[in-house]
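Let me begin by presenting the structure, written as structure tokens, before commenting on it.
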Amino acid sequence: MAYQLQQAFLSAILYPEPLPFQTLIAHLMSHSNVQRSRAESVYNFIKKNYPNQLAMKLVNHVSSAKLDELTQASVKVMLLRCIQVEESKSVVKKLCDAVSELASSILPVNGWPEPFLFRCATSDYVTLQELSFLIFSRLAGNVGEVLIRVGKVLHSVFLKTLSNSPNLDVKIAAFSAVVKFVRCLASLSDREKFQEVLPLMMRTLTEALNCG
């Protein structure tokens with residue numbers, strides 16, 4: 001790797017100032033093929049060799065910056081792509097934090113790719129299932145009033161997961177998401193609809209206690 005690229009990724013990762021990383025993000029969206037290609041080389045090198053640092057940078061960048069729509073779109077694509085391919089569970093959870101931060105800031109205005117999260121929740125991959133409920137749980141705590149509009153779909157997903165998933169981690173994540181979501185419901189009738197989920201939650205709790 002050329003010296004300039006080495007300096008670029010070291011700056012983006014090691015410097016506490018946000019400017020180098022913001023510059024890297026901007027170059028990833030550049031119309032210049034040369035500039036974008038160089039930025040992609042740096043980004044891929046960081047992702048391969050410094051995944052934890054990259055995740056933390058993304059979290060900090062999303063939570064501390066007021067991002068314009070173009071930057072939001074770019075960061076969103078990177079986060080969702082990273083989540084789908086990342087193998088480290090600790091890194092995935094950090095990425096979930098970043099996704100939740102970004103989604104919380106843009107959901108009320110521009111919407112969020114909810115179909116992506118629902119696809120994850122019903123995916124064949126356990127990691128994607130778990131992360132979707134981790135994100136739903138965080139979103140319910142931050143912008144629960146926005147998620148209420150997809151309450152019927154969430155109810156169905158929660159019910160199916162707690163009934164059929166063979167993976168305890170997935171069910172625990174769904175359990176937590178149900179608790180956070182129900183707390184957002186102001187209507188008693190809406191809360192009562194989740195009564196049928198309660199026995200499944202108790203079964204999950206019992207299973208977790210027995211495994212502990």
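Chain labels follow the order of the structure tokens: the first chain is A, the next B, and so on; residue numbering restarts at 1 in every chain, and ligands are counted from 1 in their shown order.
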
Pick out the residues sitting within 12 Å of stretch 161-174 of chain A, and hand them over as a PyMOL selection string; count only C-alpha atoms, and ignore anything fewer than 4 positions along from it in its own chain.
chain A and resi 89+93+118+120-138+154-157+178-181+196-212

Keeping only C-alpha atoms, write the selected residues as a compact mmCIF listing (two decimals), in the first residue's frame.
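Output (again_9.txt):
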```
# COMPACT_ATOMS: atom_id res chain seq x y z
CA LYS A 89 -20.25 -10.36 17.76
CA LYS A 93 -23.15 -4.87 18.59
CA PHE A 118 -37.64 -7.20 9.03
CA CYS A 120 -32.96 -9.68 9.10
CA ALA A 121 -35.51 -10.72 11.72
CA THR A 122 -36.81 -13.48 9.43
CA SER A 123 -33.43 -14.38 7.96
CA ASP A 124 -31.93 -17.86 8.13
CA TYR A 125 -28.84 -16.37 9.79
CA VAL A 126 -28.98 -16.27 13.57
CA THR A 127 -26.64 -13.27 13.84
CA LEU A 128 -28.85 -11.16 11.57
CA GLN A 129 -31.94 -12.19 13.51
CA GLU A 130 -30.39 -11.18 16.81
CA LEU A 131 -29.03 -7.86 15.56
CA SER A 132 -32.42 -6.88 14.12
CA PHE A 133 -34.02 -7.22 17.55
CA LEU A 134 -31.12 -5.39 19.20
CA ILE A 135 -31.74 -2.50 16.81
CA PHE A 136 -35.52 -2.61 17.29
CA SER A 137 -34.97 -2.53 21.04
CA ARG A 138 -32.74 0.54 20.82
CA LEU A 154 -43.64 -6.19 14.82
CA HIS A 155 -46.24 -8.11 16.82
CA SER A 156 -46.24 -10.85 14.19
CA VAL A 157 -42.44 -11.02 14.07
CA VAL A 178 -40.95 -6.57 23.14
CA VAL A 179 -40.49 -5.00 26.58
CA LYS A 180 -39.10 -1.78 25.10
CA PHE A 181 -41.80 -1.60 22.44
CA GLU A 196 -50.58 -13.47 23.80
CA VAL A 197 -46.84 -12.87 23.63
CA LEU A 198 -46.49 -12.98 27.43
CA PRO A 199 -46.52 -16.81 27.84
CA LEU A 200 -43.81 -17.09 25.20
CA MET A 201 -41.74 -14.47 27.00
CA MET A 202 -42.12 -16.39 30.26
CA ARG A 203 -41.03 -19.56 28.49
CA THR A 204 -37.96 -17.75 27.15
CA LEU A 205 -37.14 -16.46 30.64
CA THR A 206 -37.46 -19.96 32.09
CA GLU A 207 -35.22 -21.36 29.36
CA ALA A 208 -32.61 -18.67 30.05
CA LEU A 209 -32.67 -19.40 33.79
CA ASN A 210 -32.30 -23.13 33.19
CA CYS A 211 -29.36 -22.56 30.85
CA GLY A 212 -27.67 -20.24 33.34
```

Pick out the closest residue to A:Val75 from this set: A:Ser37, A:Ser90, A:Asn49, A:Asn60. Count only C-alpha atoms.
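Closest to A:Val75, using only C-alpha atoms: A:Asn60.
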
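The closest residue to A:Gln195, picked from A:Leu147, A:Tyr43, A:Leu159, A:Ala177 and counting only C-alpha atoms, is A:Leu159.
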
Using DSSP on the backbone, list every residue of stretch 9-202 of chain A that comes out as alpha helix (DSSP H), and give them as a PyMOL selection string.
chain A and resi 9-14+19-28+33-49+51-64+69-85+89-110+114-121+126-147+151-164+168-184+188-192+198-202

What is the atom CA of A:Ala39 to atom CA of A:His61 distance in Å?
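Taking atom CA of A:Ala39 as the start and atom CA of A:His61 as the end point, the length is 16.9 Å.
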
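Rounded to one decimal, atom CA of A:Pro51 and atom CA of A:Arg36 lie 20.3 Å from each other.
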
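For the pair atom CA of A:Leu185 and atom CA of A:Val143, the separation is 11.8 Å.
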